[in-house]
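First comes the structure, then the notes that go with it.
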Amino acid sequence: MIKHLPEGLTPYADCGFGRYPAWPLAGECVAVACRSEEEPILLLTVNGARMDAPMPRRVWDRFWRFELGRFKWGDDVRYRFQTQTEITREYAFEPELARSAGEPTGLLEMASGLYCQVYENFHILYRAGRTLEILLKQGEPPAGTARETIEAELPEGHRLCLAGNKKGWLLKRFGCQNVETVVASAEDYGLRVAKDGRIVAVEQRGQFAGKHVWGTGERYHAVDLRNDGSNGTVTEKFTQQGDQTYLPVPFFMTENSVGCWRDSSIPAALDFREGLRICQRTQGEALARDVWLFGAPCDILRQFIGLTGDPVLPPEWAFGLWISANGWDRDAEVQKQLDALKRYDYPADALVLEAWSDEQTFYNWNDADHWKDPAATVREIRGAGLHLVLWQIPIIKYEWDGAPGEQLIADEREVIEKGYCVRNADGTPYRITENWFHNSLLMDFTNPEAVKWWFGKRKRLLDMGVEGFKTDGGEFLFDHATRLYNGMNGLEAHNLYPSQYIGAYHDFMRANGVEGMTFSRADFTGAQTRPLHWAGDQLSRWSELQAQLRAGLSAGLSGVLFWGFDIGGFAGELPSAELYLRATAMGCFSPIMQWHAEPRSGQFYATHEDGFNNDRSPWNLAEKLDRPEILEISAKFARLRRALKPYLYGEALHWVAAGRPLMAHLCLDFPRDARACATDDQYMLGRRYMVCPIVAEGQTRRRVWLPVGSWKHFFTDEWFEGGRELTLACPLDEIIVLERGSGYEPDRNSSMGY
């Protein structure tokens, strides 16, 4: 099969069968590549004329590259790949022209708080009120009264400044002693223009003041992105995510009283290294919409959450302890875990089964060799006081490893015939291009009939007593030319697809009266309406535990209220006793506490021992590592978690109403404390506890920044006065948690007053 995807698969690696560049500029050298078992030829036309195509160059086995050369602005370039047995669909591009927007040609006032800046081939609308909305549009500008300059008042002492003869806009603020500073600006707009004059991409270049940049989604490499950025794309990356993320959010804020949300699902690349740069492809008349927010970080975050959807409160059981492992694929495995919970006095509240299904339909249980009586198994799990969560994936599977069953064949036929799956531009079914579940069909959750069909096959799971779904995946919509039922194409739907998928499961449970939850890896703006989330797949390494801590803090700063991670990592060699116990301690004082493990034949585990058990359960690790203290200390933290559950649920009630994450960076409570704002390895868990986890090997003590106030050590009951740095010891069976004293007066600019 010939593979070619002009835009490529992921932002972090070249798939080898893309177009280079994906969106060429006039005069740029262009190459196209494909993967094929046979040597391909290229069928090339330019402006309707058949051209002599270049010969392919074998890059490496099965990968071929054609150097096309340079083209003029607006040339209509079309091509197909052909072998003796196959010919692909037609691909096309028109080289674009890069240009600067230049200076405005006019400035208009239309009404109080509504203004328009006119450029040669687009215009910018400004709406100044409680927020500042900036809308870039192409087409004819509205009517208004000409002005030379405009200044508009904004909250928190900010002011919008526009001038008819200057590029962009200025956002100023009066600070101490009436000193006015520029806190943000747009100094120029770079445009990409098609031959017919349409603007197809915009790059906004400007500046902003501030030492810190927080947000942009769940980030593994850094919490503060002042010297970094985000590509803005939902991306699957198995372990060691670095600067990629499953959960981007085009929102950021600073300690300097401003924040910004790019209201769009098309990936927006944010770059803060040299000022402020936002790059984005565009479609249609509306080019971009930004909403600027004002206030302390907690106020900005609350406003952002208010704009993007009311947070959902999880059920109380979600704040207990979750247990999970991919190897639990039969009755006997489940029974072993239930017996262990009882034997070791290890309280848990939720059990996740990933390998429960037939691995084809993902709604039928596996055969009788695995589950003799699934309904009885569910009753036994519920009888043990556990809430059952089942793994899901949004696909009709293409079976590579064996014969598809009759039900899978029937499902695929029905989904294609009735148009329930995502489709290509020509109406044929889209199949996942590459990687995980490649060639499978992708369900279209914007189609009401498809949703009805999909959940009609899962209703009996709720009837059995299932109370949640681990909604994995969602990063599969790679091809920008695909089409959804609601009219979206793949470019605008890629980031939204996880939220459509996960949201459908929430609606399904509510429609059936089940107070259940999804547990999701990928998502996008508005994730607070679809809790809960976890950090995805990490190796059992210290560097990954550090990345998990950063991910939790940055997710919270992006509107994710309830978040967890795989204690001790998910994949690879088993964690050391020290790593596992430090991660367990942090998990105990996180919104969601759960451990999990990859399949027992996982790709990162080095052993080839048949049937090796790589569960991250404390009893399995105690046995495998010959470290009985793992079980003893883990059980202590499990019992502590049970004691904390009422507090966590009470705080969840409070923060859902107030619009703030349960796991909160210190900047939200102490915005005027410079040290607190710069601290990325401590966090508030609700209003009472400041958590200072140890995430480095061999560390038995650590430095802690105490904001002003009185603080009591959770384990030793020692009292400390804040406003200083301390070094505190931490044995392996504890974690540094400091309880805020009752005499604390909330910062006027912090969320503690809400």
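Chain labels follow the order of the structure tokens: the first chain is A, the next B, and so on; residue numbering restarts at 1 in every chain, and ligands are counted from 1 in their shown order.
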Hey, which bits of stretch 287-388 of chain A sit within 12 Å of stretch 180-192 of chain A, and for each residue what's the closest pair of atoms and how far apart in Å (one decimal), counting only C-alpha atoms, rows by chain and increasing number, as CSV?
residue,atom,partner,partner_atom,distance
A:Leu287,CA,A:Leu191,CA,10.6
A:Ala288,CA,A:Tyr189,CA,11.7
A:Asp290,CA,A:Ala186,CA,11.8
A:Trp292,CA,A:Ala184,CA,10.0
A:Leu293,CA,A:Ala184,CA,11.8
A:Phe294,CA,A:Val183,CA,11.1
Mind writing the picked residues with C-alpha atoms as a PDB file, in the first residue's frame?
ATOM      1  CA  LEU A 287      -8.777  34.393  10.603  1.00  0.00           C
ATOM      2  CA  ALA A 288      -8.241  34.381  14.367  1.00  0.00           C
ATOM      3  CA  ASP A 290      -8.117  36.168  20.772  1.00  0.00           C
ATOM      4  CA  TRP A 292      -7.399  38.827  26.546  1.00  0.00           C
ATOM      5  CA  LEU A 293      -8.167  38.458  30.250  1.00  0.00           C
ATOM      6  CA  PHE A 294      -7.082  40.591  33.192  1.00  0.00           C
TER       7      PHE A 294
END
For the interface of stretch 622-734 of chain A with stretch 515-532 of chain A (cut-off 10 Å, counting only C-alpha atoms), please tabulate each contacting residue of stretch 622-734 of chain A alongside its nearest pair of atoms and their separation in Å to one decimal, rows sorted by chain and increasing number, as a Markdown table.
| residue | atom | partner | partner_atom | distance |
| --- | --- | --- | --- | --- |
| A:Val656 | CA | A:Gln528 | CA | 8.9 |
| A:Gly659 | CA | A:Gln528 | CA | 9.1 |
| A:Arg660 | CA | A:Gln528 | CA | 9.8 |
| A:Pro661 | CA | A:Gln528 | CA | 9.1 |
Take the selection from the previous step and output its residues with N, CA and C atoms, as a PDB file, in the first residue's frame.
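out-v9.pdb, written as the output of this step:
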ATOM      1  N   VAL A 656     -14.860  23.348  41.948  1.00  0.00           N
ATOM      2  CA  VAL A 656     -15.718  23.318  40.763  1.00  0.00           C
ATOM      3  C   VAL A 656     -16.534  24.598  40.685  1.00  0.00           C
ATOM      4  N   GLY A 659     -13.838  27.490  40.057  1.00  0.00           N
ATOM      5  CA  GLY A 659     -13.079  27.443  38.815  1.00  0.00           C
ATOM      6  C   GLY A 659     -11.587  27.454  39.029  1.00  0.00           C
ATOM      7  N   ARG A 660     -11.084  26.452  39.778  1.00  0.00           N
ATOM      8  CA  ARG A 660      -9.649  26.357  40.011  1.00  0.00           C
ATOM      9  C   ARG A 660      -9.268  24.904  40.158  1.00  0.00           C
ATOM     10  N   PRO A 661      -8.069  24.498  39.739  1.00  0.00           N
ATOM     11  CA  PRO A 661      -7.678  23.092  39.863  1.00  0.00           C
ATOM     12  C   PRO A 661      -7.468  22.688  41.314  1.00  0.00           C
TER      13      PRO A 661
END
*Nearest-residue call for A:Gly587, choices A:Phe612, A:Trp436, A:Trp365, A:Phe319, using only C-alpha atoms*: A:Phe319
*What's the 12 Å shell around A:Glu7, counting only C-alpha atoms, without same-chain residues fewer than 2 positions away, as a ChimeraX atom specification?*
/A:4-5,9-11,13-24,32-33,91-93,433,477-481,490-491
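Take atom CA of A:Lys452 and atom CA of A:Tyr430: the distance between them is 20.3 Å.
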*asked:* One decimal, in Å: what's the spacing between atom CA of A:Leu108 and atom CA of A:Ile266?
replied: 29.1 Å
*Shell around A:Gln283 at 12 Å using only C-alpha atoms, local window under 3 positions removed, as a list of chain:residue names*: A:Leu136, A:Lys137, A:Gln138, A:Arg192, A:Val193, A:Ala194, A:Arg198, A:Ile199, A:Val200, A:Ala201, A:Val202, A:Ser264, A:Ser265, A:Ile266, A:Gln280, A:Ala286, A:Leu287, A:Ala288, A:Met488, A:Asn489, A:Gly490, A:Leu491, A:Glu492
*Would you list the contacts of A:Gly320 as a PyMOL selection string, taking every protein, DNA or RNA residue within 12 Å and counting only C-alpha atoms, but skipping same-chain residues closer than 6 positions in sequence?*
chain A and resi 314+346-351+385-387+564+587-594+637-649
Write a file of the selected residues as a CSV table (one decimal), in the first residue's frame, keeping C-alpha atoms.
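After the write, selection.csv holds the following:
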chain,number,residue,atom,x,y,z
A,314,PRO,CA,-16.6,13.8,39.8
A,346,TYR,CA,-5.2,-1.9,51.2
A,347,PRO,CA,-8.3,0.2,50.7
A,348,ALA,CA,-9.2,1.0,47.1
A,349,ASP,CA,-12.2,2.6,45.4
A,350,ALA,CA,-11.9,2.0,41.7
A,351,LEU,CA,-10.7,-0.9,39.5
A,385,GLY,CA,-16.6,-1.9,47.4
A,386,LEU,CA,-14.9,-1.1,44.1
A,387,HIS,CA,-16.3,1.0,41.1
A,564,GLY,CA,-3.6,11.9,38.0
A,587,GLY,CA,0.0,10.1,44.2
A,588,CYS,CA,-1.5,10.1,47.7
A,589,PHE,CA,-1.5,13.9,47.7
A,590,SER,CA,-2.7,14.3,44.1
A,591,PRO,CA,-6.3,14.7,42.8
A,592,ILE,CA,-6.4,11.1,41.4
A,593,MET,CA,-4.3,8.4,43.0
A,594,GLN,CA,-3.8,5.3,40.7
A,637,PHE,CA,-0.4,5.7,52.1
A,638,ALA,CA,-3.5,3.8,50.8
A,639,ARG,CA,-5.1,4.1,54.2
A,640,LEU,CA,-4.1,7.7,54.4
A,641,ARG,CA,-5.7,8.3,51.1
A,642,ARG,CA,-8.9,6.8,52.4
A,643,ALA,CA,-8.8,9.3,55.3
A,644,LEU,CA,-8.1,12.2,52.9
A,645,LYS,CA,-11.0,11.3,50.6
A,646,PRO,CA,-13.7,13.4,52.4
A,647,TYR,CA,-11.3,16.4,52.4
A,648,LEU,CA,-10.6,16.0,48.6
A,649,TYR,CA,-14.2,15.7,47.7
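The shortest atom-to-atom distance to A:Met586, with only C-alpha atoms taken into account, belongs to A:Asp733 out of A:Asp444, A:Glu632, A:Asp228, A:Asp733.
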*Find the spatial neighbours of stretch 156-158 of chain A, counting only C-alpha atoms, within a cut-off of 8 Å - ignore same-chain residues fewer than 5 positions away - and output them as a list in words.*
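Final neighbour list, sorted by chain and number: Leu171, Lys172, Arg173, Phe174, Gly175, Ser257, Phe294 and Gly295 of chain A.
Of the listed residues (A:Arg675, A:Arg627, A:His370, A:Arg702), A:Arg675 comes nearest to A:Arg724; the distances count only C-alpha atoms.
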*as number ranges by chain, list the residues of stretch 507-643 of chain A assigned to helix (DSSP H, G or I) by DSSP on the backbone atoms of this structure.*
A: 507-511, 527-529, 542-556, 577-588, 618-624, 629-643
Just C-alpha atoms for this one: save the residues we selected as a JSON list (two decimals), in the first residue's frame.
[["chain", "number", "residue", "atom", "x", "y", "z"],
["A", 507, "ASP", "CA", -23.56, 12.26, 27.70],
["A", 508, "PHE", "CA", -24.14, 8.50, 27.41],
["A", 509, "MET", "CA", -23.69, 7.90, 31.14],
["A", 510, "ARG", "CA", -25.82, 10.86, 32.16],
["A", 511, "ALA", "CA", -28.60, 9.89, 29.77],
["A", 527, "ALA", "CA", -11.27, 19.69, 29.39],
["A", 528, "GLN", "CA", -12.81, 20.68, 32.73],
["A", 529, "THR", "CA", -16.20, 19.65, 31.33],
["A", 542, "TRP", "CA", 13.02, 9.40, 37.92],
["A", 543, "SER", "CA", 13.11, 11.77, 34.95],
["A", 544, "GLU", "CA", 9.58, 10.68, 34.08],
["A", 545, "LEU", "CA", 8.33, 11.25, 37.64],
["A", 546, "GLN", "CA", 9.69, 14.79, 37.39],
["A", 547, "ALA", "CA", 7.90, 15.17, 34.06],
["A", 548, "GLN", "CA", 4.67, 13.94, 35.64],
["A", 549, "LEU", "CA", 4.90, 16.60, 38.34],
["A", 550, "ARG", "CA", 5.38, 19.31, 35.70],
["A", 551, "ALA", "CA", 2.47, 17.87, 33.71],
["A", 552, "GLY", "CA", 0.11, 18.06, 36.68],
["A", 553, "LEU", "CA", 1.00, 21.66, 37.48],
["A", 554, "SER", "CA", 0.77, 22.87, 33.89],
["A", 555, "ALA", "CA", -2.47, 20.98, 33.25],
["A", 556, "GLY", "CA", -4.01, 22.74, 36.26],
["A", 577, "ALA", "CA", 11.51, 0.61, 45.54],
["A", 578, "GLU", "CA", 12.58, 4.19, 46.19],
["A", 579, "LEU", "CA", 11.05, 5.53, 42.98],
["A", 580, "TYR", "CA", 7.80, 3.66, 43.53],
["A", 581, "LEU", "CA", 7.38, 4.83, 47.10],
["A", 582, "ARG", "CA", 8.19, 8.46, 46.33],
["A", 583, "ALA", "CA", 5.67, 8.32, 43.47],
["A", 584, "THR", "CA", 3.12, 6.65, 45.75],
["A", 585, "ALA", "CA", 3.54, 9.47, 48.25],
["A", 586, "MET", "CA", 2.98, 12.10, 45.56],
["A", 587, "GLY", "CA", 0.02, 10.13, 44.21],
["A", 588, "CYS", "CA", -1.53, 10.05, 47.67],
["A", 618, "PRO", "CA", 2.70, -2.95, 45.66],
["A", 619, "TRP", "CA", 2.35, -6.67, 46.35],
["A", 620, "ASN", "CA", 3.82, -7.63, 42.99],
["A", 621, "LEU", "CA", 6.71, -5.17, 43.31],
["A", 622, "ALA", "CA", 7.44, -6.26, 46.89],
["A", 623, "GLU", "CA", 7.80, -9.81, 45.61],
["A", 624, "LYS", "CA", 9.69, -9.06, 42.40],
["A", 629, "GLU", "CA", 8.67, -2.51, 52.86],
["A", 630, "ILE", "CA", 7.10, -1.54, 49.52],
["A", 631, "LEU", "CA", 3.90, -3.24, 50.57],
["A", 632, "GLU", "CA", 4.00, -1.93, 54.11],
["A", 633, "ILE", "CA", 4.56, 1.71, 53.14],
["A", 634, "SER", "CA", 2.19, 1.62, 50.16],
["A", 635, "ALA", "CA", -0.59, 0.26, 52.35],
["A", 636, "LYS", "CA", 0.08, 3.08, 54.83],
["A", 637, "PHE", "CA", -0.40, 5.65, 52.05],
["A", 638, "ALA", "CA", -3.49, 3.83, 50.78],
["A", 639, "ARG", "CA", -5.09, 4.08, 54.22],
["A", 640, "LEU", "CA", -4.06, 7.72, 54.42],
["A", 641, "ARG", "CA", -5.73, 8.32, 51.05],
["A", 642, "ARG", "CA", -8.95, 6.81, 52.36],
["A", 643, "ALA", "CA", -8.78, 9.25, 55.29]]
*Of the residues A:Asn424, A:Thr471, A:Asn165, A:Gln303, which is the one nearest to A:Leu441, using only C-alpha atoms?*
A:Asn424
_Nearest residue to A:Met1 out of A:Pro40, A:Gly405, A:Pro707, A:Pro248, using only C-alpha atoms?_
A:Pro40
_Report, in Å to a single decimal, how far apart atom CA of A:Phe304 and atom CA of A:Cys260 are._
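Pair atom CA of A:Cys260 / atom CA of A:Phe304 returns 8.7 Å.
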